[in-house]
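Below: entry-v4.cif (mmCIF, C-alpha atoms and all ligand atoms)
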```cif
data_query
loop_
_atom_site.label_atom_id
_atom_site.label_comp_id
_atom_site.auth_asym_id
_atom_site.auth_seq_id
_atom_site.Cartn_x
_atom_site.Cartn_y
_atom_site.Cartn_z
CA MET H 14 87.77 -73.74 42.49
CA PRO H 15 90.44 -71.43 41.03
CA LEU H 16 89.36 -67.95 39.97
CA ALA H 17 88.44 -67.55 36.30
CA SER H 18 90.62 -65.25 34.22
CA TYR H 19 87.72 -62.74 34.13
CA ALA H 20 87.26 -62.72 37.92
CA MET H 21 88.18 -59.58 39.82
CA ASP H 22 91.52 -60.18 41.56
CA PRO H 23 91.76 -58.14 44.79
CA GLY H 24 95.48 -57.68 44.19
CA ARG H 25 94.72 -55.84 40.94
CA GLY H 26 91.97 -53.49 42.06
CA ARG H 27 92.06 -49.71 41.94
CA GLY H 28 92.28 -49.44 45.70
CA ARG H 29 90.74 -47.24 48.35
CA ARG H 30 90.27 -43.48 48.40
CA PHE H 31 92.46 -43.29 51.51
CA PRO H 32 95.24 -45.88 51.09
CA GLU H 33 95.52 -48.44 53.89
CA PRO H 34 98.10 -51.19 54.47
CA PRO H 35 96.90 -54.67 53.51
CA HIS H 36 95.38 -56.83 56.22
CA ALA H 37 97.28 -59.89 57.45
CA TYR H 38 94.70 -62.48 56.46
CA ARG H 39 91.73 -60.82 54.70
CA ASN H 40 91.82 -59.61 51.13
CA ASP H 41 90.44 -56.14 50.36
CA TYR H 42 86.99 -57.36 49.27
CA ALA H 43 86.58 -59.62 52.30
CA ARG H 44 87.45 -56.60 54.40
CA ASP H 45 84.90 -54.46 52.58
CA ARG H 46 82.27 -57.12 53.20
CA ASP H 47 83.08 -57.06 56.91
CA ARG H 48 82.92 -53.24 57.05
CA ILE H 49 79.51 -53.30 55.42
CA ILE H 50 78.21 -55.84 57.95
CA HIS H 51 79.50 -53.70 60.82
CA SER H 52 77.92 -50.49 59.51
CA ARG H 53 74.93 -48.82 61.10
CA ALA H 54 73.04 -48.57 57.80
CA PHE H 55 73.32 -52.35 57.44
CA ARG H 56 71.79 -52.97 60.87
CA ARG H 57 68.94 -50.62 60.03
CA LEU H 58 67.89 -52.90 57.17
CA GLU H 59 66.31 -55.08 59.83
CA ALA H 60 63.58 -52.51 60.40
CA LYS H 61 62.95 -51.61 56.78
CA THR H 62 60.14 -53.09 54.74
CA GLN H 63 60.73 -55.49 51.89
CA VAL H 64 57.07 -56.09 50.96
CA PHE H 65 55.31 -56.80 54.24
CA THR H 66 55.52 -54.48 57.21
CA THR H 67 55.82 -56.17 60.59
CA ARG H 68 52.11 -55.53 61.06
CA PHE H 69 51.56 -58.68 58.97
CA SER H 70 53.94 -61.09 60.66
CA ASP H 71 57.33 -61.28 62.32
CA HIS H 72 58.61 -64.14 60.20
CA PHE H 73 58.26 -62.56 56.77
CA ARG H 74 61.29 -61.11 55.06
CA ASN H 75 62.49 -57.66 55.91
CA ARG H 76 65.21 -55.89 53.99
CA LEU H 77 67.96 -57.44 56.10
CA THR H 78 66.85 -61.05 55.69
CA HIS H 79 66.25 -60.37 51.98
CA THR H 80 69.80 -59.03 51.76
CA LEU H 81 71.19 -62.18 53.40
CA GLU H 82 69.32 -64.33 50.89
CA VAL H 83 70.74 -62.25 48.03
CA ALA H 84 74.23 -62.70 49.48
CA GLN H 85 73.78 -66.45 49.73
CA ILE H 86 72.64 -66.80 46.11
CA ALA H 87 75.30 -64.36 44.90
CA ARG H 88 78.05 -66.40 46.55
CA THR H 89 76.77 -69.60 44.96
CA VAL H 90 76.40 -68.10 41.47
CA ALA H 91 79.73 -66.27 41.63
CA GLY H 92 81.50 -69.40 42.89
CA ALA H 93 80.04 -71.56 40.10
CA LEU H 94 81.29 -69.05 37.52
CA GLY H 95 84.77 -68.88 39.05
CA LEU H 96 84.22 -65.25 40.06
CA ASN H 97 85.40 -63.54 43.21
CA THR H 98 82.91 -64.59 45.88
CA ASP H 99 84.14 -62.04 48.44
CA LEU H 100 83.44 -59.19 46.02
CA ALA H 101 80.06 -60.63 44.97
CA GLU H 102 79.09 -61.08 48.61
CA ALA H 103 80.15 -57.55 49.56
CA LEU H 104 78.09 -56.15 46.67
CA ALA H 105 75.06 -58.24 47.61
CA LEU H 106 75.24 -57.15 51.25
CA VAL H 107 75.44 -53.48 50.29
CA HIS H 108 72.93 -53.55 47.40
CA ASP H 109 69.90 -52.29 49.38
CA ILE H 110 71.71 -50.18 51.96
CA GLY H 111 70.46 -46.96 50.35
CA HIS H 112 66.80 -47.92 50.54
CA PRO H 113 64.61 -45.45 52.41
CA PRO H 114 61.76 -46.59 54.67
CA PHE H 115 58.77 -48.39 53.08
CA GLY H 116 60.51 -50.00 50.12
CA HIS H 117 60.07 -48.79 46.58
CA ALA H 118 57.01 -46.74 47.50
CA GLY H 119 59.16 -44.74 49.93
CA GLU H 120 61.79 -44.28 47.26
CA ARG H 121 59.24 -43.02 44.74
CA LYS H 122 57.76 -40.61 47.27
CA LEU H 123 61.14 -39.12 48.22
CA ASP H 124 61.93 -38.67 44.54
CA GLU H 125 58.58 -36.96 44.00
CA LEU H 126 59.23 -34.66 46.98
CA LEU H 127 62.68 -33.65 45.71
CA ARG H 128 61.64 -32.92 42.13
CA PRO H 129 60.10 -29.48 42.73
CA HIS H 130 63.52 -28.52 44.18
CA GLY H 131 65.27 -29.64 41.00
CA ALA H 132 66.73 -32.74 42.70
CA ARG H 133 66.12 -36.48 42.53
CA PHE H 134 66.29 -39.46 44.87
CA ASP H 135 68.04 -42.61 43.73
CA HIS H 136 68.78 -45.43 46.17
CA ASN H 137 72.04 -46.43 44.47
CA LEU H 138 73.44 -42.93 44.74
CA HIS H 139 72.15 -42.62 48.27
CA ALA H 140 73.99 -45.88 49.08
CA LEU H 141 77.16 -44.32 47.72
CA HIS H 142 76.73 -41.30 50.01
CA ILE H 143 76.20 -43.61 52.98
CA VAL H 144 79.42 -45.54 52.42
CA GLU H 145 81.40 -42.42 51.48
CA GLN H 146 80.10 -39.90 54.01
CA PHE H 147 77.27 -40.73 56.37
CA GLU H 148 78.84 -43.67 58.15
CA GLN H 149 81.11 -42.16 60.80
CA ARG H 150 83.11 -45.01 62.32
CA TYR H 151 86.78 -44.51 61.69
CA LEU H 152 89.33 -41.96 62.88
CA ASP H 153 91.22 -41.67 59.62
CA PHE H 154 88.46 -41.17 57.05
CA PRO H 155 84.77 -40.45 56.60
CA GLY H 156 82.57 -43.32 55.47
CA LEU H 157 83.80 -46.89 55.11
CA ASN H 158 86.67 -46.20 52.68
CA LEU H 159 85.61 -49.11 50.46
CA THR H 160 87.59 -50.26 47.44
CA PHE H 161 86.89 -48.77 44.03
CA GLU H 162 85.27 -51.98 42.77
CA VAL H 163 82.72 -52.09 45.58
CA ARG H 164 81.83 -48.41 45.13
CA GLU H 165 81.66 -48.93 41.37
CA GLY H 166 79.36 -51.93 41.90
CA ILE H 167 77.07 -49.84 44.12
CA VAL H 168 76.70 -47.33 41.30
CA LYS H 169 76.50 -49.74 38.38
CA HIS H 170 74.91 -52.98 39.60
CA SER H 171 71.40 -52.25 38.41
CA ARG H 172 71.61 -49.70 35.62
CA ASP H 173 73.83 -47.56 33.43
CA TYR H 174 74.16 -43.89 34.35
CA SER H 175 75.00 -41.43 31.59
CA ALA H 176 78.16 -39.42 32.08
CA ALA H 177 76.43 -36.30 30.73
CA GLU H 178 73.66 -36.54 33.31
CA TYR H 179 75.86 -37.55 36.26
CA PRO H 180 79.20 -35.70 35.93
CA GLU H 181 79.85 -36.30 39.64
CA LEU H 182 80.18 -40.02 38.88
CA ALA H 183 82.90 -39.55 36.24
CA GLU H 184 85.52 -41.48 38.25
CA TYR H 185 83.44 -44.67 37.81
CA ALA H 186 84.09 -44.82 34.06
CA LEU H 187 80.39 -44.79 33.19
CA GLY H 188 81.08 -45.80 29.60
CA GLN H 189 82.34 -49.19 30.76
CA LYS H 190 80.39 -52.12 32.09
CA PRO H 191 81.16 -53.25 35.65
CA PRO H 192 82.96 -56.55 36.39
CA LEU H 193 80.79 -59.68 36.33
CA GLU H 194 80.56 -59.82 40.13
CA ALA H 195 78.55 -56.58 39.97
CA GLN H 196 76.58 -57.59 36.87
CA LEU H 197 75.20 -60.61 38.73
CA ILE H 198 73.68 -58.68 41.59
CA ASP H 199 70.53 -57.41 39.94
CA TRP H 200 69.63 -60.87 38.65
CA VAL H 201 70.33 -62.52 41.95
CA ASP H 202 68.23 -59.85 43.66
CA GLU H 203 65.34 -60.77 41.33
CA ILE H 204 65.73 -64.49 42.03
CA ALA H 205 65.73 -63.82 45.77
CA TYR H 206 62.73 -61.52 45.93
CA ASN H 207 60.53 -63.20 43.35
CA THR H 208 60.76 -66.53 45.14
CA ALA H 209 60.66 -65.04 48.65
CA ASP H 210 57.67 -62.81 47.90
CA LEU H 211 55.78 -65.79 46.54
CA ASP H 212 56.63 -67.66 49.74
CA ASP H 213 55.56 -64.83 52.05
CA GLY H 214 52.48 -64.08 49.94
CA PHE H 215 51.41 -67.71 50.18
CA GLU H 216 52.05 -67.77 53.92
CA ALA H 217 50.01 -64.57 54.31
CA HIS H 218 47.11 -66.20 52.41
CA LEU H 219 47.23 -63.39 49.85
CA VAL H 220 47.98 -65.77 46.98
CA ASP H 221 46.58 -69.27 46.65
CA LEU H 222 48.11 -72.40 45.31
CA ASP H 223 45.65 -72.93 42.45
CA ALA H 224 46.20 -69.39 41.17
CA ILE H 225 50.00 -69.80 41.29
CA ARG H 226 49.83 -73.12 39.47
CA GLU H 227 47.52 -71.70 36.87
CA GLN H 228 49.34 -68.46 36.18
CA VAL H 229 53.00 -69.26 36.80
CA PRO H 230 54.04 -72.05 34.41
CA LEU H 231 57.50 -72.43 35.93
CA PHE H 232 55.96 -73.12 39.32
CA ARG H 233 53.37 -75.43 37.79
CA GLU H 234 56.15 -77.56 36.28
CA THR H 235 58.11 -77.92 39.49
CA TYR H 236 54.95 -78.46 41.55
CA ASN H 237 53.82 -81.25 39.24
CA GLU H 238 57.21 -82.95 39.62
CA VAL H 239 56.91 -82.71 43.39
CA GLU H 240 53.31 -83.97 43.34
CA ALA H 241 54.31 -87.00 41.29
CA ALA H 242 57.06 -87.96 43.72
CA HIS H 243 55.35 -87.03 47.04
CA ARG H 244 51.65 -87.51 46.61
CA GLU H 245 51.12 -87.91 50.37
CA GLY H 246 53.28 -84.99 51.45
CA ARG H 247 51.96 -82.05 53.46
CA PRO H 248 50.75 -79.31 51.05
CA LYS H 249 52.91 -76.56 52.58
CA LEU H 250 56.01 -78.74 52.29
CA LYS H 251 55.16 -79.56 48.67
CA PHE H 252 54.84 -75.84 48.05
CA ASN H 253 58.24 -75.27 49.69
CA GLU H 254 59.88 -77.97 47.61
CA ALA H 255 58.37 -76.65 44.37
CA LEU H 256 59.50 -73.12 45.20
CA LYS H 257 62.98 -74.32 46.09
CA ARG H 258 63.17 -75.94 42.65
CA VAL H 259 62.04 -72.70 40.99
CA LEU H 260 64.86 -70.86 42.75
CA ASP H 261 67.32 -73.55 41.71
CA ARG H 262 66.22 -73.35 38.07
CA LEU H 263 66.54 -69.58 37.98
CA ALA H 264 70.01 -69.63 39.56
CA THR H 265 71.21 -72.53 37.38
CA ASP H 266 70.01 -70.78 34.26
CA LEU H 267 71.77 -67.56 35.29
CA ILE H 268 75.02 -69.49 35.80
CA GLU H 269 74.83 -71.49 32.58
CA ASN H 270 73.59 -68.72 30.35
CA THR H 271 76.14 -66.22 31.69
CA ARG H 272 78.93 -68.75 31.16
CA ARG H 273 77.74 -69.26 27.57
CA ARG H 274 77.58 -65.52 26.91
CA ILE H 275 81.08 -64.95 28.29
CA ALA H 276 82.41 -67.65 25.96
CA GLU H 277 80.50 -66.30 22.94
CA ALA H 278 81.69 -62.74 23.57
CA GLY H 279 85.26 -64.00 23.96
CA GLY H 280 85.68 -62.29 27.34
CA LYS H 281 88.98 -63.41 28.87
CA THR H 282 89.90 -60.66 31.31
CA VAL H 283 88.14 -58.10 33.50
CA GLU H 284 89.21 -55.45 30.97
CA ASP H 285 87.43 -57.40 28.20
CA ILE H 286 84.27 -57.66 30.31
CA ARG H 287 84.35 -53.91 30.97
CA ALA H 288 84.75 -53.12 27.28
CA ILE H 289 82.01 -55.42 25.92
CA PRO H 290 79.07 -53.08 25.22
CA GLU H 291 76.38 -55.31 26.72
CA ARG H 292 76.17 -56.88 30.13
CA LEU H 293 76.98 -60.58 29.94
CA ALA H 294 75.21 -61.72 33.10
CA ALA H 295 71.67 -62.63 32.04
CA PHE H 296 68.97 -65.28 32.05
CA SER H 297 68.34 -67.27 28.87
CA GLU H 298 65.41 -66.09 26.77
CA GLU H 299 63.23 -68.95 28.00
CA ILE H 300 63.85 -68.28 31.69
CA ARG H 301 63.61 -64.53 31.20
CA LYS H 302 60.05 -65.10 29.99
CA ALA H 303 59.24 -67.52 32.79
CA ASN H 304 60.60 -65.07 35.35
CA ALA H 305 58.57 -62.25 33.81
CA GLU H 306 55.41 -64.35 34.21
CA LEU H 307 56.23 -64.88 37.86
CA LYS H 308 56.80 -61.17 38.30
CA ARG H 309 53.53 -60.26 36.61
CA PHE H 310 51.72 -62.63 38.90
CA LEU H 311 53.31 -61.05 41.98
CA TYR H 312 52.29 -57.57 40.88
CA ALA H 313 48.71 -58.53 40.20
CA GLN H 314 48.17 -60.77 43.23
CA LEU H 315 50.49 -59.35 45.84
CA TYR H 316 52.11 -55.95 45.35
CA ASP H 317 48.82 -54.43 44.20
CA ASN H 318 46.75 -56.33 46.74
CA SER H 319 44.55 -53.91 48.70
CA ALA H 320 45.85 -55.11 52.10
CA ILE H 321 49.42 -54.30 51.06
CA VAL H 322 48.52 -51.11 49.21
CA GLU H 323 46.55 -49.60 52.13
CA ASP H 324 49.35 -50.27 54.56
CA ARG H 325 51.88 -48.83 52.14
CA ASP H 326 49.84 -45.71 51.36
CA ARG H 327 49.34 -44.92 55.03
CA SER H 328 53.05 -45.23 55.71
CA VAL H 329 54.09 -43.19 52.70
CA ALA H 330 51.67 -40.41 53.69
CA CYS H 331 53.50 -40.21 57.04
CA LEU H 332 56.81 -39.96 55.19
CA GLU H 333 55.50 -37.06 53.12
CA GLU H 334 54.13 -35.19 56.15
CA LEU H 335 57.37 -35.62 58.04
CA PHE H 336 59.36 -34.35 55.06
CA GLN H 337 57.25 -31.18 54.89
CA TYR H 338 57.45 -30.80 58.66
CA TYR H 339 61.28 -30.83 58.74
CA LEU H 340 61.46 -28.58 55.72
CA GLY H 341 59.56 -25.94 57.73
CA ARG H 342 61.31 -26.72 61.04
CA PRO H 343 64.83 -27.99 60.26
CA GLU H 344 65.91 -27.31 63.86
CA LYS H 345 63.76 -30.30 64.87
CA MET H 346 66.25 -32.62 63.20
CA PRO H 347 69.27 -33.83 65.24
CA PRO H 348 72.14 -31.26 65.34
CA PHE H 349 74.26 -33.35 62.92
CA TYR H 350 71.64 -32.78 60.21
CA TYR H 351 70.43 -29.33 61.23
CA GLU H 352 73.95 -27.93 61.08
CA GLN H 353 74.35 -29.18 57.53
CA THR H 354 71.35 -27.10 56.42
CA HIS H 355 73.55 -23.99 56.79
CA GLU H 356 75.79 -25.20 53.96
CA SER H 357 73.65 -27.52 51.83
CA PRO H 358 70.12 -27.24 50.43
CA ARG H 359 67.61 -27.96 53.18
CA HIS H 360 65.51 -30.35 51.08
CA GLN H 361 68.61 -32.48 50.49
CA ILE H 362 69.47 -32.76 54.17
CA VAL H 363 65.86 -33.51 55.11
CA CYS H 364 65.84 -36.21 52.44
CA ASP H 365 69.11 -37.71 53.71
CA TYR H 366 67.79 -37.76 57.27
CA ILE H 367 64.50 -39.39 56.32
CA ALA H 368 66.06 -41.87 53.91
CA GLY H 369 68.24 -43.20 56.72
CA MET H 370 65.31 -43.83 59.05
CA THR H 371 63.87 -47.26 59.71
CA ASP H 372 60.13 -47.70 59.15
CA HIS H 373 59.50 -47.83 62.90
CA PHE H 374 61.55 -44.75 63.68
CA LEU H 375 59.80 -42.73 60.97
CA LEU H 376 56.34 -43.65 62.25
CA ARG H 377 57.42 -42.84 65.81
CA GLN H 378 58.83 -39.43 64.79
CA HIS H 379 55.67 -38.72 62.86
CA HIS H 380 53.56 -39.65 65.86
CA GLU H 381 55.59 -37.48 68.24
CA LEU H 382 55.98 -34.42 66.03
CA ILE H 383 52.76 -34.32 64.07
CA GLY H 384 50.61 -35.97 66.69
CA GLY H 385 46.91 -36.77 66.35
CA ALA H 386 46.89 -36.85 62.60
CA SER H 387 49.56 -39.53 62.76
CA ARG H 388 47.42 -41.86 64.88
CA ALA H 389 44.78 -41.80 62.19
CA LEU H 390 47.34 -42.24 59.45
CA ALA H 391 49.36 -44.97 61.07
CA GLY H 392 46.20 -46.75 62.16
CA ALA H 393 47.72 -47.00 65.66
MG MG H 401 67.11 -56.02 46.80
#
```

Please express the file's structure as structure tokens.
Ligand code: MG
Amino acid sequence: MPLASYAMDPGRGRGRRFPEPPHAYRNDYARDRDRIIHSRAFRRLEAKTQVFTTRFSDHFRNRLTHTLEVAQIARTVAGALGLNTDLAEALALVHDIGHPPFGHAGERKLDELLRPHGARFDHNLHALHIVEQFEQRYLDFPGLNLTFEVREGIVKHSRDYSAAEYPELAEYALGQKPPLEAQLIDWVDEIAYNTADLDDGFEAHLVDLDAIREQVPLFRETYNEVEAAHREGRPKLKFNEALKRVLDRLATDLIENTRRRIAEAGGKTVEDIRAIPERLAAFSEEIRKANAELKRFLYAQLYDNSAIVEDRDRSVACLEELFQYYLGRPEKMPPFYYEQTHESPRHQIVCDYIAGMTDHFLLRQHHELIGGASRALAGA
């Protein structure tokens, strides 16, 4: 399929911070995608929680497998819209790279710990620091030297930042919307985790089929279709088929509704898309409501389930204790981080160090440095 006129053309991007000659057979976005996959922060996603820690099961999603599912859906949606699939894939693969240990609870805790120091934690901005500074792989530049459009997508994929509040992000033209490849990511992320969390929650016996059918109308519809056609099928396979159809409906709606909105807004070029004051990638009103019902169900039945909450609270308490520990004893961090505390605020460096940890590494450090209290906390 040829690229749409509003797709991001790698030949017309704003380039890299440190100019590099073009590659013989990969365009700049394909190259960025490959750099992201080869980064250390990407590999660490394997040992970071999505919803379930590995204490529950080894075959539930972690942040790496979630990321791969986001990339798969992003490629499909971008391709159907005639967008640049290499750029969409690179943005999907990098979208969670700034996540600290223990998912959103870890992110909230780090933010809470930074506030008394007049600072904040934001996983998008942390991701930007990772790809600009923390990854040390190349002789000629710090970070991954990604193209402007990938860095811009990291900043803008999920929300708008105000130029007054974030002057350091001025180069990303905060008054403009990002290209459609970046606008898709947040929606695709939702499609991936809402369906996957339902799947893992069902597998973990934390949500039951009757409750899902009763409270999630979109699932009820697809399940009834499956029931009518496969009355004798195994229940788990009927569940899988119904869930697969939910995912397909969400993705199809995102494609069709976004296409309709682009046409209505008269967006013909990337410059048009950037200038249109609202984001054009979106679900239709009907599917937005259906998706919100699914999300509400997941909060009530899964994310706030006591088994998940206890595990999460224990882990986050370890994160907090380790933060305070390093704040008092920065020399206990590796030299790379300790040395930075001579030039930058200590709380910031401690935060950067902890945010980069995997769940396992954090619990191990906590156990080794803080000792007995950690055994009780980690339930080990
Ligand atoms: Mg995500």

### Message
Here's a test: counting only C-alpha atoms, identify every protein, DNA and RNA residue with an atom at most 12 Å from (71.7, -45.0, 45.8) in the file's coordinate frame, and state them as a PyMOL selection string.
### Response
chain H and resi 107-113+120+124+133-145+164-172+174+365+368-369

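Using all atoms listed in the file, the shortest contact distance between ligand MG 401 (chain H) and any of H:Tyr206, H:Phe310, H:Phe31, H:Phe374 is found at H:Tyr206.
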
Please tabulate, as JSON lines, the residues of chain H that come within 10 Å of ligand MG 401 (chain H), each with its closest pair of atoms and the distance in Å to one decimal, counting only C-alpha atoms and all ligand atoms and ordering rows by chain, then residue number upward.
```
{"residue": "H:Gln63", "atom": "CA", "partner": "H:MG401", "partner_atom": "MG", "distance": 8.2}
{"residue": "H:Arg76", "atom": "CA", "partner": "H:MG401", "partner_atom": "MG", "distance": 7.4}
{"residue": "H:Leu77", "atom": "CA", "partner": "H:MG401", "partner_atom": "MG", "distance": 9.4}
{"residue": "H:His79", "atom": "CA", "partner": "H:MG401", "partner_atom": "MG", "distance": 6.8}
{"residue": "H:Thr80", "atom": "CA", "partner": "H:MG401", "partner_atom": "MG", "distance": 6.4}
{"residue": "H:Leu81", "atom": "CA", "partner": "H:MG401", "partner_atom": "MG", "distance": 9.9}
{"residue": "H:Glu82", "atom": "CA", "partner": "H:MG401", "partner_atom": "MG", "distance": 9.5}
{"residue": "H:Val83", "atom": "CA", "partner": "H:MG401", "partner_atom": "MG", "distance": 7.3}
{"residue": "H:Ala105", "atom": "CA", "partner": "H:MG401", "partner_atom": "MG", "distance": 8.3}
{"residue": "H:Leu106", "atom": "CA", "partner": "H:MG401", "partner_atom": "MG", "distance": 9.3}
{"residue": "H:Val107", "atom": "CA", "partner": "H:MG401", "partner_atom": "MG", "distance": 9.4}
{"residue": "H:His108", "atom": "CA", "partner": "H:MG401", "partner_atom": "MG", "distance": 6.4}
{"residue": "H:Asp109", "atom": "CA", "partner": "H:MG401", "partner_atom": "MG", "distance": 5.3}
{"residue": "H:Ile110", "atom": "CA", "partner": "H:MG401", "partner_atom": "MG", "distance": 9.0}
{"residue": "H:His112", "atom": "CA", "partner": "H:MG401", "partner_atom": "MG", "distance": 8.9}
{"residue": "H:Gly116", "atom": "CA", "partner": "H:MG401", "partner_atom": "MG", "distance": 9.5}
{"residue": "H:Ile198", "atom": "CA", "partner": "H:MG401", "partner_atom": "MG", "distance": 8.8}
{"residue": "H:Asp199", "atom": "CA", "partner": "H:MG401", "partner_atom": "MG", "distance": 7.8}
{"residue": "H:Trp200", "atom": "CA", "partner": "H:MG401", "partner_atom": "MG", "distance": 9.8}
{"residue": "H:Val201", "atom": "CA", "partner": "H:MG401", "partner_atom": "MG", "distance": 8.7}
{"residue": "H:Asp202", "atom": "CA", "partner": "H:MG401", "partner_atom": "MG", "distance": 5.1}
{"residue": "H:Glu203", "atom": "CA", "partner": "H:MG401", "partner_atom": "MG", "distance": 7.5}
{"residue": "H:Ile204", "atom": "CA", "partner": "H:MG401", "partner_atom": "MG", "distance": 9.8}
{"residue": "H:Ala205", "atom": "CA", "partner": "H:MG401", "partner_atom": "MG", "distance": 8.0}
{"residue": "H:Tyr206", "atom": "CA", "partner": "H:MG401", "partner_atom": "MG", "distance": 7.1}
```

Those same residues - C-alpha atoms - I'd like them written as a compact mmCIF listing (two decimals), in the frame of the given file.
```
# COMPACT_ATOMS: atom_id res chain seq x y z
CA GLN H 63 60.73 -55.49 51.89
CA ARG H 76 65.21 -55.89 53.99
CA LEU H 77 67.96 -57.44 56.10
CA HIS H 79 66.25 -60.37 51.98
CA THR H 80 69.80 -59.03 51.76
CA LEU H 81 71.19 -62.18 53.40
CA GLU H 82 69.32 -64.33 50.89
CA VAL H 83 70.74 -62.25 48.03
CA ALA H 105 75.06 -58.24 47.61
CA LEU H 106 75.24 -57.15 51.25
CA VAL H 107 75.44 -53.48 50.29
CA HIS H 108 72.93 -53.55 47.40
CA ASP H 109 69.90 -52.29 49.38
CA ILE H 110 71.71 -50.18 51.96
CA HIS H 112 66.80 -47.92 50.54
CA GLY H 116 60.51 -50.00 50.12
CA ILE H 198 73.68 -58.68 41.59
CA ASP H 199 70.53 -57.41 39.94
CA TRP H 200 69.63 -60.87 38.65
CA VAL H 201 70.33 -62.52 41.95
CA ASP H 202 68.23 -59.85 43.66
CA GLU H 203 65.34 -60.77 41.33
CA ILE H 204 65.73 -64.49 42.03
CA ALA H 205 65.73 -63.82 45.77
CA TYR H 206 62.73 -61.52 45.93
```

### Message
What's around Leu375 (chain H) at 9 Å? Count only C-alpha atoms, leave out sequence neighbours fewer than 6 positions away in its own chain, and write the answer as a ChimeraX atom specification.
### Response
/H:114,328,331-332,335,367

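With all atoms listed in the file as the atoms that count, the residue of H:Pro230, H:Glu238, H:Pro248, H:Tyr350 with the shortest distance to Lys302 (chain H) is H:Pro230.
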
Produce a table with one row for each residue of region 142-241 of chain H that has an atom at most 10 Å from any atom of region 253-268 of chain H, each row naming the nearest atom pair and its distance in Å at one decimal; use all atoms listed in the file; arrange rows by chain and rising residue number; format as CSV.
```
residue,atom,partner,partner_atom,distance
H:Leu197,CA,H:Leu267,CA,8.5
H:Trp200,CA,H:Leu267,CA,7.8
H:Val201,CA,H:Ala264,CA,7.5
H:Glu203,CA,H:Leu263,CA,9.5
H:Ile204,CA,H:Leu260,CA,6.5
H:Ala205,CA,H:Leu260,CA,7.7
H:Asn207,CA,H:Leu260,CA,8.8
H:Thr208,CA,H:Leu260,CA,6.4
H:Ala209,CA,H:Leu256,CA,8.9
H:Leu211,CA,H:Leu256,CA,8.3
H:Asp212,CA,H:Leu256,CA,7.7
H:Leu231,CA,H:Val259,CA,6.8
H:Phe232,CA,H:Val259,CA,6.3
H:Arg233,CA,H:Ala255,CA,8.4
H:Glu234,CA,H:Ala255,CA,8.4
H:Thr235,CA,H:Ala255,CA,5.0
H:Tyr236,CA,H:Ala255,CA,4.8
H:Asn237,CA,H:Ala255,CA,8.3
H:Glu238,CA,H:Ala255,CA,8.0
H:Val239,CA,H:Ala255,CA,6.3
H:Glu240,CA,H:Ala255,CA,9.0
```

Please write the residues from the selection above to a file, keeping C-alpha atoms, as a PDB file, in the frame of the given file.
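Heads up, here's the output in again_20.pdb:
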```
ATOM      1  CA  LEU H 197      75.200 -60.610  38.730  1.00  0.00           C
ATOM      2  CA  TRP H 200      69.630 -60.870  38.650  1.00  0.00           C
ATOM      3  CA  VAL H 201      70.330 -62.520  41.950  1.00  0.00           C
ATOM      4  CA  GLU H 203      65.340 -60.770  41.330  1.00  0.00           C
ATOM      5  CA  ILE H 204      65.730 -64.490  42.030  1.00  0.00           C
ATOM      6  CA  ALA H 205      65.730 -63.820  45.770  1.00  0.00           C
ATOM      7  CA  ASN H 207      60.530 -63.200  43.350  1.00  0.00           C
ATOM      8  CA  THR H 208      60.760 -66.530  45.140  1.00  0.00           C
ATOM      9  CA  ALA H 209      60.660 -65.040  48.650  1.00  0.00           C
ATOM     10  CA  LEU H 211      55.780 -65.790  46.540  1.00  0.00           C
ATOM     11  CA  ASP H 212      56.630 -67.660  49.740  1.00  0.00           C
ATOM     12  CA  LEU H 231      57.500 -72.430  35.930  1.00  0.00           C
ATOM     13  CA  PHE H 232      55.960 -73.120  39.320  1.00  0.00           C
ATOM     14  CA  ARG H 233      53.370 -75.430  37.790  1.00  0.00           C
ATOM     15  CA  GLU H 234      56.150 -77.560  36.280  1.00  0.00           C
ATOM     16  CA  THR H 235      58.110 -77.920  39.490  1.00  0.00           C
ATOM     17  CA  TYR H 236      54.950 -78.460  41.550  1.00  0.00           C
ATOM     18  CA  ASN H 237      53.820 -81.250  39.240  1.00  0.00           C
ATOM     19  CA  GLU H 238      57.210 -82.950  39.620  1.00  0.00           C
ATOM     20  CA  VAL H 239      56.910 -82.710  43.390  1.00  0.00           C
ATOM     21  CA  GLU H 240      53.310 -83.970  43.340  1.00  0.00           C
TER      22      GLU H 240
END
```

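Between CA of Arg57 (chain H) and CA of Tyr366 (chain H) lies a distance of 13.2 Å.
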
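Close contacts of region 269-279 of chain H, defined as residues with an atom at most 10 Å away when counting all atoms listed in the file, with chain neighbours fewer than 4 positions off set aside, comprise Tyr19, Val90, Ala93, Leu94, Gly95, Leu193, Leu197, Ala264, Thr265, Asp285, Ile286, Ile289, Glu291, Arg292, Leu293, Ala294, Ala295, Phe296, Ser297, Glu298 and Ile300 of chain H.
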
Selected residues, C-alpha atoms, written as a compact mmCIF listing (two decimals), keeping the file's coordinate frame, please.
```txt
# COMPACT_ATOMS: atom_id res chain seq x y z
CA TYR H 19 87.72 -62.74 34.13
CA VAL H 90 76.40 -68.10 41.47
CA ALA H 93 80.04 -71.56 40.10
CA LEU H 94 81.29 -69.05 37.52
CA GLY H 95 84.77 -68.88 39.05
CA LEU H 193 80.79 -59.68 36.33
CA LEU H 197 75.20 -60.61 38.73
CA ALA H 264 70.01 -69.63 39.56
CA THR H 265 71.21 -72.53 37.38
CA ASP H 285 87.43 -57.40 28.20
CA ILE H 286 84.27 -57.66 30.31
CA ILE H 289 82.01 -55.42 25.92
CA GLU H 291 76.38 -55.31 26.72
CA ARG H 292 76.17 -56.88 30.13
CA LEU H 293 76.98 -60.58 29.94
CA ALA H 294 75.21 -61.72 33.10
CA ALA H 295 71.67 -62.63 32.04
CA PHE H 296 68.97 -65.28 32.05
CA SER H 297 68.34 -67.27 28.87
CA GLU H 298 65.41 -66.09 26.77
CA ILE H 300 63.85 -68.28 31.69
```
